[in-house]
Amino acid sequence: ESLFLKVVPTTHLERQRAAAETARFVASRGVETPVLLDDYPRLLGKTHAVFAFPFVEARFGRPTPDDLRAIGAALARLHGALAGGPLGDEVQRNSRRRDRYIEELRRRVLDGRGVPPVILEIIARSSADLEGAGPSQIIHGDLNAANVLFPEGPDGPLLLDFEDSAHSWQSPVVDVAMALERFVLVRLDGDDDRTAAGRELLAGYTCVAPLELEAGCLGATLETLAVRAMVLLAALEAAGHFVDPAEWDKFVFLANLSRRAALTLTRLERDVS
């Protein structure tokens with residue numbers, strides 16, 4: 001049997017173990033996700049541990065109607081499963097603690113020096129608070145393209161990597177906004193093409209579960225996600241760590257994208273509302 005092995009430092013062991021338990025829970029609720037094999041994790045000496053999962057031949061999602069509808073439906077099923085998760089109280093505490101930490105970092109960045117003006121402008125114009133997106137529950141929290149894989153055959157997508165779920169007590173709109181950003185906005189040009197693709201993703205979601213989008217919530221959520229990432233990058237640099245300039249460029253691009261795609265996002269919000 002072919003395996004997918006994930007080697008992590010022991011300092012990350014408990015976080016990865018919690019992610020694996022979340023995956024096992026949602027899999028028991030019908031969500032397609034690889035489940036950690038029995039007898040894992042195993043220690044590799046004193047500094048690392050290995051997690052083993054069944055290996056699946058798969059591809060990344062594409063901005064096609066079929067894939068987008070499947071991604072939307074899978075995300076709705078995930079939210080339905082996580083809404084009944086057993087760790088809600090703990091995730092709420094973790095999420096609030098992380099939110100306070102990020103907001104404090106944001107204030108330090110705005111009061112400090114060394115951050116380029118273009119980044120300061122973006123951080124200053126947007127809150128780091130995601131509470132305005134809507135009623136909260138446990139969500140995925142990191143729904144990027146690498147965490148959605150389509151196996152060979154007719155099955156729907158696999159959702160991977162639940163590490164961020166442990167501190168993501170937020171509105172499902174946050175996951176939906178990130179899915180639209182990563183599978184639609186960054187891959188397609190033009191408001192008409194983006195709107196058509198976004199409608200497919202949202203149609204897949206709303207075929208499984210209801211979704212409410214307040215006016216302006218998608219753009220505000222995406223800009224806030226970019227600001228939170230930039231604040232964490234600034235904190236790393238302030239602590240003496242090297243941050244690849246490409247990382248700064250990526251999140252500046254994403255923060256500005258949420259405004260450049262305002263027409264698309266407004267159309268999608270109106271469709272759902």
# chains A, B, ... in the order shown; residues from 1 in each chain; ligands from 1
>>> residues_around(residues="region 118-126 of chain A", least_positions_apart="6", cutoff="12 Å", atoms="only C-alpha atoms", output="MDAnalysis selection string")
chainID A and resid 102:103 105:112 219:234 248:259
>>> closest_atom_pairs(of="region 121-205 of chain A", to="region 72-84 of chain A", cutoff="12 Å", atoms="only C-alpha atoms", output="JSON lines")
{"residue": "A:Pro135", "atom": "CA", "partner": "A:Ala83", "partner_atom": "CA", "distance": 11.3}
{"residue": "A:Ser136", "atom": "CA", "partner": "A:Ala83", "partner_atom": "CA", "distance": 9.2}
{"residue": "A:Gln137", "atom": "CA", "partner": "A:Ala83", "partner_atom": "CA", "distance": 5.9}
{"residue": "A:Ile138", "atom": "CA", "partner": "A:Leu82", "partner_atom": "CA", "distance": 5.7}
{"residue": "A:Ile139", "atom": "CA", "partner": "A:His79", "partner_atom": "CA", "distance": 6.3}
{"residue": "A:His140", "atom": "CA", "partner": "A:Leu78", "partner_atom": "CA", "distance": 8.1}
{"residue": "A:Gly141", "atom": "CA", "partner": "A:His79", "partner_atom": "CA", "distance": 11.0}
{"residue": "A:Asp142", "atom": "CA", "partner": "A:Leu75", "partner_atom": "CA", "distance": 11.9}
{"residue": "A:Leu143", "atom": "CA", "partner": "A:Leu75", "partner_atom": "CA", "distance": 9.2}
{"residue": "A:Asn147", "atom": "CA", "partner": "A:Leu75", "partner_atom": "CA", "distance": 11.7}
{"residue": "A:Val148", "atom": "CA", "partner": "A:Ala74", "partner_atom": "CA", "distance": 9.6}
{"residue": "A:Leu149", "atom": "CA", "partner": "A:Ala74", "partner_atom": "CA", "distance": 11.2}
{"residue": "A:Phe150", "atom": "CA", "partner": "A:Ala74", "partner_atom": "CA", "distance": 11.2}
{"residue": "A:Asp155", "atom": "CA", "partner": "A:Ala74", "partner_atom": "CA", "distance": 10.9}
{"residue": "A:Gly156", "atom": "CA", "partner": "A:Ala74", "partner_atom": "CA", "distance": 7.4}
{"residue": "A:Pro157", "atom": "CA", "partner": "A:Ala74", "partner_atom": "CA", "distance": 6.9}
{"residue": "A:Leu158", "atom": "CA", "partner": "A:Ala74", "partner_atom": "CA", "distance": 8.2}
{"residue": "A:Leu159", "atom": "CA", "partner": "A:Ala74", "partner_atom": "CA", "distance": 7.9}
{"residue": "A:Leu160", "atom": "CA", "partner": "A:Leu78", "partner_atom": "CA", "distance": 11.1}
{"residue": "A:Phe162", "atom": "CA", "partner": "A:Leu82", "partner_atom": "CA", "distance": 11.0}
{"residue": "A:Ser165", "atom": "CA", "partner": "A:Leu82", "partner_atom": "CA", "distance": 9.2}
{"residue": "A:Ala166", "atom": "CA", "partner": "A:Leu82", "partner_atom": "CA", "distance": 11.2}
{"residue": "A:Ser168", "atom": "CA", "partner": "A:Leu82", "partner_atom": "CA", "distance": 10.9}
{"residue": "A:Trp169", "atom": "CA", "partner": "A:Ala83", "partner_atom": "CA", "distance": 10.2}
{"residue": "A:Gln170", "atom": "CA", "partner": "A:His79", "partner_atom": "CA", "distance": 11.0}
{"residue": "A:Ser171", "atom": "CA", "partner": "A:His79", "partner_atom": "CA", "distance": 9.7}
{"residue": "A:Pro172", "atom": "CA", "partner": "A:His79", "partner_atom": "CA", "distance": 6.8}
{"residue": "A:Val173", "atom": "CA", "partner": "A:His79", "partner_atom": "CA", "distance": 10.2}
{"residue": "A:Val174", "atom": "CA", "partner": "A:His79", "partner_atom": "CA", "distance": 11.2}
{"residue": "A:Asp175", "atom": "CA", "partner": "A:Leu75", "partner_atom": "CA", "distance": 8.0}
{"residue": "A:Val176", "atom": "CA", "partner": "A:Leu75", "partner_atom": "CA", "distance": 7.8}
{"residue": "A:Ala177", "atom": "CA", "partner": "A:Gly72", "partner_atom": "CA", "distance": 11.1}
{"residue": "A:Met178", "atom": "CA", "partner": "A:Leu75", "partner_atom": "CA", "distance": 11.2}
{"residue": "A:Ala179", "atom": "CA", "partner": "A:Gly72", "partner_atom": "CA", "distance": 8.3}
{"residue": "A:Leu180", "atom": "CA", "partner": "A:Gly72", "partner_atom": "CA", "distance": 9.4}
{"residue": "A:Phe183", "atom": "CA", "partner": "A:Gly72", "partner_atom": "CA", "distance": 10.6}
{"residue": "A:Val184", "atom": "CA", "partner": "A:Gly72", "partner_atom": "CA", "distance": 11.9}
{"residue": "A:Ala197", "atom": "CA", "partner": "A:Gly72", "partner_atom": "CA", "distance": 11.2}
{"residue": "A:Gly198", "atom": "CA", "partner": "A:Gly72", "partner_atom": "CA", "distance": 9.6}
{"residue": "A:Arg199", "atom": "CA", "partner": "A:Gly72", "partner_atom": "CA", "distance": 9.9}
{"residue": "A:Glu200", "atom": "CA", "partner": "A:Gly72", "partner_atom": "CA", "distance": 7.9}
{"residue": "A:Leu201", "atom": "CA", "partner": "A:Gly72", "partner_atom": "CA", "distance": 4.7}
{"residue": "A:Leu202", "atom": "CA", "partner": "A:Gly72", "partner_atom": "CA", "distance": 5.9}
{"residue": "A:Ala203", "atom": "CA", "partner": "A:Gly72", "partner_atom": "CA", "distance": 7.1}
{"residue": "A:Gly204", "atom": "CA", "partner": "A:Gly72", "partner_atom": "CA", "distance": 4.5}
{"residue": "A:Tyr205", "atom": "CA", "partner": "A:Gly72", "partner_atom": "CA", "distance": 4.2}
>>> write_last_selection(atoms="N, CA and C atoms", output="CSV table (one decimal), in the first residue's frame")
chain,number,residue,atom,x,y,z
A,135,PRO,N,-22.4,35.0,11.7
A,135,PRO,CA,-22.3,34.0,12.8
A,135,PRO,C,-21.2,33.0,12.7
A,136,SER,N,-20.6,32.7,13.8
A,136,SER,CA,-19.4,31.9,13.8
A,136,SER,C,-19.6,30.4,14.2
A,137,GLN,N,-18.7,29.6,13.7
A,137,GLN,CA,-18.6,28.2,14.1
A,137,GLN,C,-17.2,27.8,13.8
A,138,ILE,N,-16.8,26.5,14.0
A,138,ILE,CA,-15.6,26.0,13.5
A,138,ILE,C,-15.6,25.9,12.0
A,139,ILE,N,-14.5,26.4,11.4
A,139,ILE,CA,-14.4,26.4,9.9
A,139,ILE,C,-13.0,25.7,9.6
A,140,HIS,N,-12.7,25.6,8.3
A,140,HIS,CA,-11.4,25.1,7.9
A,140,HIS,C,-10.3,26.0,8.2
A,141,GLY,N,-10.4,27.3,7.7
A,141,GLY,CA,-9.5,28.3,8.0
A,141,GLY,C,-8.3,28.5,7.1
A,142,ASP,N,-8.1,27.5,6.2
A,142,ASP,CA,-7.0,27.7,5.3
A,142,ASP,C,-7.3,27.0,3.9
A,143,LEU,N,-8.3,27.4,3.3
A,143,LEU,CA,-8.8,26.7,2.1
A,143,LEU,C,-8.1,27.2,0.9
A,147,ASN,N,-5.0,22.6,-0.6
A,147,ASN,CA,-5.8,21.8,0.3
A,147,ASN,C,-7.1,21.2,-0.2
A,148,VAL,N,-7.2,21.3,-1.5
A,148,VAL,CA,-8.4,20.7,-2.2
A,148,VAL,C,-7.9,19.9,-3.4
A,149,LEU,N,-8.0,18.6,-3.3
A,149,LEU,CA,-7.5,17.7,-4.3
A,149,LEU,C,-8.6,16.9,-4.9
A,150,PHE,N,-8.6,16.6,-6.2
A,150,PHE,CA,-9.6,15.8,-6.9
A,150,PHE,C,-8.9,14.4,-7.2
A,155,ASP,N,-15.3,10.6,-7.9
A,155,ASP,CA,-15.5,11.1,-6.5
A,155,ASP,C,-15.3,12.6,-6.5
A,156,GLY,N,-15.9,13.3,-5.5
A,156,GLY,CA,-15.7,14.7,-5.3
A,156,GLY,C,-14.3,15.0,-4.7
A,157,PRO,N,-14.1,16.3,-4.4
A,157,PRO,CA,-12.7,16.6,-3.9
A,157,PRO,C,-12.5,16.2,-2.5
A,158,LEU,N,-11.2,16.0,-2.2
A,158,LEU,CA,-10.7,15.7,-0.9
A,158,LEU,C,-10.3,17.1,-0.2
A,159,LEU,N,-10.8,17.3,1.0
A,159,LEU,CA,-10.3,18.5,1.7
A,159,LEU,C,-9.3,18.1,2.7
A,160,LEU,N,-8.2,18.8,2.7
A,160,LEU,CA,-7.0,18.4,3.5
A,160,LEU,C,-6.6,19.5,4.5
A,162,PHE,N,-6.2,20.3,8.4
A,162,PHE,CA,-7.1,21.0,9.3
A,162,PHE,C,-6.4,21.7,10.4
A,165,SER,N,-8.1,24.8,11.8
A,165,SER,CA,-9.4,24.7,12.4
A,165,SER,C,-9.4,24.8,13.9
A,166,ALA,N,-8.2,24.5,14.5
A,166,ALA,CA,-8.1,24.6,16.0
A,166,ALA,C,-8.2,26.0,16.5
A,168,SER,N,-9.9,28.5,14.5
A,168,SER,CA,-10.8,29.2,13.5
A,168,SER,C,-12.2,29.1,13.9
A,169,TRP,N,-12.6,29.9,14.9
A,169,TRP,CA,-14.1,30.0,15.2
A,169,TRP,C,-14.5,31.3,14.5
A,170,GLN,N,-15.0,31.1,13.3
A,170,GLN,CA,-15.3,32.3,12.4
A,170,GLN,C,-16.6,31.9,11.6
A,171,SER,N,-17.0,32.9,10.8
A,171,SER,CA,-18.1,32.6,9.9
A,171,SER,C,-17.7,31.7,8.8
A,172,PRO,N,-18.6,30.8,8.3
A,172,PRO,CA,-18.4,30.0,7.1
A,172,PRO,C,-18.1,30.9,5.9
A,173,VAL,N,-18.5,32.2,6.0
A,173,VAL,CA,-18.2,33.1,4.9
A,173,VAL,C,-16.7,33.3,4.7
A,174,VAL,N,-15.9,33.2,5.7
A,174,VAL,CA,-14.5,33.3,5.6
A,174,VAL,C,-13.9,32.2,4.7
A,175,ASP,N,-14.4,31.0,4.9
A,175,ASP,CA,-13.9,29.9,4.0
A,175,ASP,C,-14.5,30.1,2.6
A,176,VAL,N,-15.7,30.6,2.4
A,176,VAL,CA,-16.3,30.8,1.1
A,176,VAL,C,-15.5,31.9,0.4
A,177,ALA,N,-15.2,33.0,1.1
A,177,ALA,CA,-14.4,34.1,0.5
A,177,ALA,C,-13.1,33.6,0.0
A,178,MET,N,-12.4,32.8,0.8
A,178,MET,CA,-11.1,32.3,0.5
A,178,MET,C,-11.2,31.4,-0.7
A,179,ALA,N,-12.2,30.6,-0.8
A,179,ALA,CA,-12.4,29.7,-1.9
A,179,ALA,C,-12.6,30.5,-3.2
A,180,LEU,N,-13.4,31.5,-3.1
A,180,LEU,CA,-13.6,32.4,-4.3
A,180,LEU,C,-12.3,33.0,-4.7
A,183,PHE,N,-9.7,30.1,-6.1
A,183,PHE,CA,-10.2,29.2,-7.2
A,183,PHE,C,-10.8,30.1,-8.4
A,184,VAL,N,-11.1,31.3,-8.1
A,184,VAL,CA,-11.8,32.1,-9.1
A,184,VAL,C,-11.0,33.4,-9.4
A,197,ALA,N,-17.9,32.1,-12.9
A,197,ALA,CA,-17.2,31.0,-12.2
A,197,ALA,C,-17.6,31.1,-10.7
A,198,GLY,N,-17.7,32.3,-10.1
A,198,GLY,CA,-18.1,32.4,-8.7
A,198,GLY,C,-19.5,31.9,-8.5
A,199,ARG,N,-20.4,32.1,-9.5
A,199,ARG,CA,-21.8,31.6,-9.3
A,199,ARG,C,-21.8,30.1,-9.3
A,200,GLU,N,-20.9,29.4,-10.0
A,200,GLU,CA,-20.9,28.0,-10.0
A,200,GLU,C,-20.5,27.5,-8.6
A,201,LEU,N,-19.5,28.1,-8.0
A,201,LEU,CA,-19.0,27.7,-6.7
A,201,LEU,C,-20.1,27.9,-5.7
A,202,LEU,N,-20.8,29.1,-5.7
A,202,LEU,CA,-21.8,29.3,-4.8
A,202,LEU,C,-23.0,28.5,-5.0
A,203,ALA,N,-23.3,28.1,-6.3
A,203,ALA,CA,-24.4,27.2,-6.5
A,203,ALA,C,-24.2,25.9,-5.9
A,204,GLY,N,-23.0,25.4,-6.0
A,204,GLY,CA,-22.6,24.1,-5.4
A,204,GLY,C,-22.8,24.2,-3.9
A,205,TYR,N,-22.4,25.3,-3.3
A,205,TYR,CA,-22.6,25.4,-1.8
A,205,TYR,C,-24.1,25.4,-1.5
>>> select_by_dssp(residues="region 25-102 of chain A", states="helix (DSSP H, G or I)", output="number ranges by chain")
A: 25-28, 65-82, 88-102
>>> write_last_selection(atoms="N, CA and C atoms", output="short mmCIF file (atom, residue, chain, number, x, y, z; two decimals), in the first residue's frame")
data_model
loop_
_atom_site.label_atom_id
_atom_site.label_comp_id
_atom_site.auth_asym_id
_atom_site.auth_seq_id
_atom_site.Cartn_x
_atom_site.Cartn_y
_atom_site.Cartn_z
N PHE A 25 -12.99 13.15 12.55
CA PHE A 25 -14.37 13.49 12.92
C PHE A 25 -15.21 13.84 11.70
N VAL A 26 -14.71 14.74 10.84
CA VAL A 26 -15.53 15.15 9.70
C VAL A 26 -15.69 14.00 8.71
N ALA A 27 -14.67 13.13 8.61
CA ALA A 27 -14.81 11.96 7.75
C ALA A 27 -15.95 11.07 8.23
N SER A 28 -16.11 10.98 9.55
CA SER A 28 -17.21 10.17 10.11
C SER A 28 -18.56 10.79 9.81
N PRO A 65 -16.74 24.74 -14.40
CA PRO A 65 -18.03 24.65 -13.70
C PRO A 65 -18.16 23.40 -12.83
N ASP A 66 -17.76 22.24 -13.34
CA ASP A 66 -17.90 21.01 -12.55
C ASP A 66 -17.05 21.06 -11.29
N ASP A 67 -15.78 21.46 -11.43
CA ASP A 67 -14.92 21.51 -10.25
C ASP A 67 -15.41 22.54 -9.24
N LEU A 68 -15.82 23.69 -9.72
CA LEU A 68 -16.25 24.76 -8.80
C LEU A 68 -17.51 24.36 -8.05
N ARG A 69 -18.44 23.75 -8.75
CA ARG A 69 -19.64 23.27 -8.05
C ARG A 69 -19.30 22.21 -7.02
N ALA A 70 -18.37 21.33 -7.37
CA ALA A 70 -17.97 20.28 -6.44
C ALA A 70 -17.27 20.86 -5.22
N ILE A 71 -16.44 21.87 -5.42
CA ILE A 71 -15.76 22.51 -4.30
C ILE A 71 -16.77 23.19 -3.38
N GLY A 72 -17.73 23.91 -3.98
CA GLY A 72 -18.76 24.55 -3.16
C GLY A 72 -19.55 23.56 -2.35
N ALA A 73 -19.95 22.45 -2.97
CA ALA A 73 -20.73 21.44 -2.26
C ALA A 73 -19.92 20.79 -1.14
N ALA A 74 -18.64 20.49 -1.43
CA ALA A 74 -17.78 19.88 -0.42
C ALA A 74 -17.59 20.82 0.77
N LEU A 75 -17.47 22.10 0.49
CA LEU A 75 -17.29 23.08 1.56
C LEU A 75 -18.54 23.17 2.43
N ALA A 76 -19.70 23.16 1.80
CA ALA A 76 -20.95 23.19 2.57
C ALA A 76 -21.08 21.95 3.46
N ARG A 77 -20.73 20.79 2.91
CA ARG A 77 -20.79 19.56 3.73
C ARG A 77 -19.82 19.65 4.91
N LEU A 78 -18.63 20.22 4.65
CA LEU A 78 -17.65 20.38 5.73
C LEU A 78 -18.20 21.29 6.83
N HIS A 79 -18.79 22.40 6.44
CA HIS A 79 -19.33 23.31 7.45
C HIS A 79 -20.45 22.65 8.24
N GLY A 80 -21.26 21.85 7.57
CA GLY A 80 -22.30 21.13 8.29
C GLY A 80 -21.73 20.17 9.31
N ALA A 81 -20.64 19.49 8.94
CA ALA A 81 -20.01 18.55 9.87
C ALA A 81 -19.34 19.28 11.02
N LEU A 82 -18.63 20.36 10.72
CA LEU A 82 -17.89 21.08 11.77
C LEU A 82 -18.83 21.80 12.73
N GLY A 88 -15.97 22.78 20.17
CA GLY A 88 -16.37 24.15 19.92
C GLY A 88 -15.87 25.13 20.96
N ASP A 89 -16.02 24.80 22.24
CA ASP A 89 -15.60 25.72 23.30
C ASP A 89 -14.10 25.98 23.25
N GLU A 90 -13.33 24.92 23.04
CA GLU A 90 -11.88 25.08 22.98
C GLU A 90 -11.47 25.92 21.76
N VAL A 91 -12.10 25.66 20.62
CA VAL A 91 -11.76 26.43 19.42
C VAL A 91 -12.14 27.90 19.61
N GLN A 92 -13.27 28.16 20.25
CA GLN A 92 -13.63 29.55 20.52
C GLN A 92 -12.56 30.25 21.35
N ARG A 93 -12.08 29.59 22.39
CA ARG A 93 -11.04 30.19 23.23
C ARG A 93 -9.76 30.43 22.42
N ASN A 94 -9.37 29.42 21.65
CA ASN A 94 -8.15 29.56 20.85
C ASN A 94 -8.28 30.69 19.84
N SER A 95 -9.45 30.78 19.22
CA SER A 95 -9.67 31.80 18.19
C SER A 95 -9.64 33.19 18.79
N ARG A 96 -10.29 33.37 19.93
CA ARG A 96 -10.29 34.69 20.57
C ARG A 96 -8.89 35.09 21.01
N ARG A 97 -8.14 34.11 21.52
CA ARG A 97 -6.76 34.40 21.93
C ARG A 97 -5.92 34.81 20.73
N ARG A 98 -6.09 34.12 19.62
CA ARG A 98 -5.33 34.46 18.42
C ARG A 98 -5.76 35.82 17.86
N ASP A 99 -7.05 36.10 17.89
CA ASP A 99 -7.52 37.40 17.40
C ASP A 99 -6.92 38.54 18.22
N ARG A 100 -6.90 38.37 19.54
CA ARG A 100 -6.31 39.42 20.40
C ARG A 100 -4.83 39.61 20.09
N TYR A 101 -4.15 38.48 19.86
CA TYR A 101 -2.72 38.53 19.55
C TYR A 101 -2.48 39.27 18.23
N ILE A 102 -3.27 38.96 17.20
CA ILE A 102 -3.08 39.60 15.90
C ILE A 102 -3.41 41.09 15.97
#
>>> residues_around(residues="Arg24 (chain A)", least_positions_apart="4", cutoff="9 Å", atoms="only C-alpha atoms", output="ChimeraX atom specification")
/A:19-20,28-29,33-36
>>> write_last_selection(atoms="N, CA, C and O atoms", output="CSV table (one decimal), in the first residue's frame")
chain,number,residue,atom,x,y,z
A,19,ALA,N,-5.3,18.2,14.3
A,19,ALA,CA,-5.8,18.3,12.9
A,19,ALA,C,-6.2,17.0,12.4
A,19,ALA,O,-7.2,16.8,11.7
A,20,ALA,N,-5.5,15.9,12.7
A,20,ALA,CA,-5.8,14.6,12.3
A,20,ALA,C,-7.1,14.1,13.0
A,20,ALA,O,-7.9,13.5,12.3
A,28,SER,N,-16.1,11.0,9.6
A,28,SER,CA,-17.2,10.2,10.1
A,28,SER,C,-18.6,10.8,9.8
A,28,SER,O,-19.6,10.1,9.9
A,29,ARG,N,-18.6,12.1,9.4
A,29,ARG,CA,-19.8,12.8,9.1
A,29,ARG,C,-20.0,12.9,7.6
A,29,ARG,O,-20.8,13.7,7.1
A,33,THR,N,-12.1,13.1,3.1
A,33,THR,CA,-10.8,13.6,3.6
A,33,THR,C,-9.9,12.4,4.0
A,33,THR,O,-10.5,11.4,4.5
A,34,PRO,N,-8.6,12.3,3.7
A,34,PRO,CA,-7.8,11.2,4.1
A,34,PRO,C,-7.8,11.2,5.7
A,34,PRO,O,-7.7,12.2,6.3
A,35,VAL,N,-7.8,10.0,6.2
A,35,VAL,CA,-7.8,9.8,7.7
A,35,VAL,C,-6.4,9.2,8.1
A,35,VAL,O,-5.9,8.3,7.4
A,36,LEU,N,-5.9,9.7,9.2
A,36,LEU,CA,-4.6,9.2,9.7
A,36,LEU,C,-4.7,7.7,9.9
A,36,LEU,O,-5.7,7.2,10.5
>>> atom_distance(atom1="CA of Thr10 (chain A)", atom2="CA of Ala246 (chain A)")
28.3 Å
>>> closest_residue(among="A:Pro9, A:Leu3, A:Thr22, A:Arg267", to="Asp161 (chain A)", atoms="only C-alpha atoms")
A:Thr22
>>> residues_around(residues="Lys6 (chain A)", least_positions_apart="4", cutoff="7 Å", atoms="only C-alpha atoms", output="MDAnalysis selection string")
chainID A and resid 50:52
>>> decode(residues="region 40-48 of chain A", atoms="all heavy atoms", output="PDB file, in the first residue's frame")
ATOM      1  N   TYR A  40      -0.232   5.688  14.133  1.00  0.00           N
ATOM      2  CA  TYR A  40       0.473   6.948  13.853  1.00  0.00           C
ATOM      3  C   TYR A  40      -0.208   8.049  14.658  1.00  0.00           C
ATOM      4  O   TYR A  40      -1.384   7.928  14.985  1.00  0.00           O
ATOM      5  CB  TYR A  40       0.425   7.267  12.349  1.00  0.00           C
ATOM      6  CG  TYR A  40       1.332   6.392  11.529  1.00  0.00           C
ATOM      7  CD1 TYR A  40       0.857   5.185  11.008  1.00  0.00           C
ATOM      8  CD2 TYR A  40       2.648   6.760  11.277  1.00  0.00           C
ATOM      9  CE1 TYR A  40       1.685   4.381  10.246  1.00  0.00           C
ATOM     10  CE2 TYR A  40       3.474   5.959  10.508  1.00  0.00           C
ATOM     11  CZ  TYR A  40       2.994   4.772  10.000  1.00  0.00           C
ATOM     12  OH  TYR A  40       3.818   3.965   9.245  1.00  0.00           O
ATOM     13  N   PRO A  41       0.593   9.093  14.992  1.00  0.00           N
ATOM     14  CA  PRO A  41       1.967   9.407  14.576  1.00  0.00           C
ATOM     15  C   PRO A  41       2.998   8.544  15.298  1.00  0.00           C
ATOM     16  O   PRO A  41       2.718   7.989  16.356  1.00  0.00           O
ATOM     17  CB  PRO A  41       2.119  10.882  14.968  1.00  0.00           C
ATOM     18  CG  PRO A  41       1.200  11.037  16.137  1.00  0.00           C
ATOM     19  CD  PRO A  41       0.017  10.173  15.843  1.00  0.00           C
ATOM     20  N   ARG A  42       4.198   8.476  14.693  1.00  0.00           N
ATOM     21  CA  ARG A  42       5.335   7.793  15.287  1.00  0.00           C
ATOM     22  C   ARG A  42       6.501   8.772  15.404  1.00  0.00           C
ATOM     23  O   ARG A  42       6.704   9.599  14.519  1.00  0.00           O
ATOM     24  CB  ARG A  42       5.761   6.597  14.424  1.00  0.00           C
ATOM     25  CG  ARG A  42       4.700   5.513  14.287  1.00  0.00           C
ATOM     26  CD  ARG A  42       5.182   4.401  13.376  1.00  0.00           C
ATOM     27  NE  ARG A  42       4.155   3.393  13.153  1.00  0.00           N
ATOM     28  CZ  ARG A  42       4.283   2.355  12.332  1.00  0.00           C
ATOM     29  NH1 ARG A  42       5.423   2.213  11.634  1.00  0.00           N
ATOM     30  NH2 ARG A  42       3.308   1.483  12.187  1.00  0.00           N
ATOM     31  N   LEU A  43       7.224   8.650  16.492  1.00  0.00           N
ATOM     32  CA  LEU A  43       8.377   9.529  16.696  1.00  0.00           C
ATOM     33  C   LEU A  43       9.540   9.096  15.814  1.00  0.00           C
ATOM     34  O   LEU A  43       9.793   7.891  15.637  1.00  0.00           O
ATOM     35  CB  LEU A  43       8.800   9.526  18.155  1.00  0.00           C
ATOM     36  CG  LEU A  43       7.828  10.177  19.145  1.00  0.00           C
ATOM     37  CD1 LEU A  43       8.340  10.012  20.578  1.00  0.00           C
ATOM     38  CD2 LEU A  43       7.633  11.655  18.817  1.00  0.00           C
ATOM     39  N   LEU A  44      10.239  10.078  15.283  1.00  0.00           N
ATOM     40  CA  LEU A  44      11.484   9.853  14.546  1.00  0.00           C
ATOM     41  C   LEU A  44      12.598  10.495  15.371  1.00  0.00           C
ATOM     42  O   LEU A  44      12.894  11.680  15.217  1.00  0.00           O
ATOM     43  CB  LEU A  44      11.421  10.475  13.150  1.00  0.00           C
ATOM     44  CG  LEU A  44      10.380   9.913  12.183  1.00  0.00           C
ATOM     45  CD1 LEU A  44      10.394  10.721  10.882  1.00  0.00           C
ATOM     46  CD2 LEU A  44      10.649   8.444  11.900  1.00  0.00           C
ATOM     47  N   GLY A  45      13.155   9.729  16.265  1.00  0.00           N
ATOM     48  CA  GLY A  45      14.142  10.306  17.168  1.00  0.00           C
ATOM     49  C   GLY A  45      13.464  11.242  18.154  1.00  0.00           C
ATOM     50  O   GLY A  45      12.287  11.093  18.497  1.00  0.00           O
ATOM     51  N   LYS A  46      14.202  12.264  18.596  1.00  0.00           N
ATOM     52  CA  LYS A  46      13.676  13.188  19.600  1.00  0.00           C
ATOM     53  C   LYS A  46      13.110  14.470  19.009  1.00  0.00           C
ATOM     54  O   LYS A  46      12.458  15.239  19.719  1.00  0.00           O
ATOM     55  CB  LYS A  46      14.787  13.543  20.596  1.00  0.00           C
ATOM     56  CG  LYS A  46      15.298  12.359  21.414  1.00  0.00           C
ATOM     57  CD  LYS A  46      16.370  12.809  22.391  1.00  0.00           C
ATOM     58  CE  LYS A  46      16.868  11.643  23.233  1.00  0.00           C
ATOM     59  NZ  LYS A  46      17.924  12.072  24.194  1.00  0.00           N
ATOM     60  N   THR A  47      13.350  14.698  17.730  1.00  0.00           N
ATOM     61  CA  THR A  47      13.025  16.020  17.176  1.00  0.00           C
ATOM     62  C   THR A  47      11.878  16.024  16.170  1.00  0.00           C
ATOM     63  O   THR A  47      11.352  17.093  15.867  1.00  0.00           O
ATOM     64  CB  THR A  47      14.258  16.638  16.491  1.00  0.00           C
ATOM     65  OG1 THR A  47      14.687  15.770  15.422  1.00  0.00           O
ATOM     66  CG2 THR A  47      15.393  16.827  17.495  1.00  0.00           C
ATOM     67  N   HIS A  48      11.498  14.862  15.639  1.00  0.00           N
ATOM     68  CA  HIS A  48      10.469  14.836  14.607  1.00  0.00           C
ATOM     69  C   HIS A  48       9.498  13.671  14.816  1.00  0.00           C
ATOM     70  O   HIS A  48       9.800  12.712  15.546  1.00  0.00           O
ATOM     71  CB  HIS A  48      11.098  14.726  13.209  1.00  0.00           C
ATOM     72  CG  HIS A  48      11.763  15.984  12.758  1.00  0.00           C
ATOM     73  ND1 HIS A  48      13.020  16.348  13.188  1.00  0.00           N
ATOM     74  CD2 HIS A  48      11.343  16.979  11.931  1.00  0.00           C
ATOM     75  CE1 HIS A  48      13.350  17.508  12.641  1.00  0.00           C
ATOM     76  NE2 HIS A  48      12.357  17.902  11.871  1.00  0.00           N
TER      77      HIS A  48
END
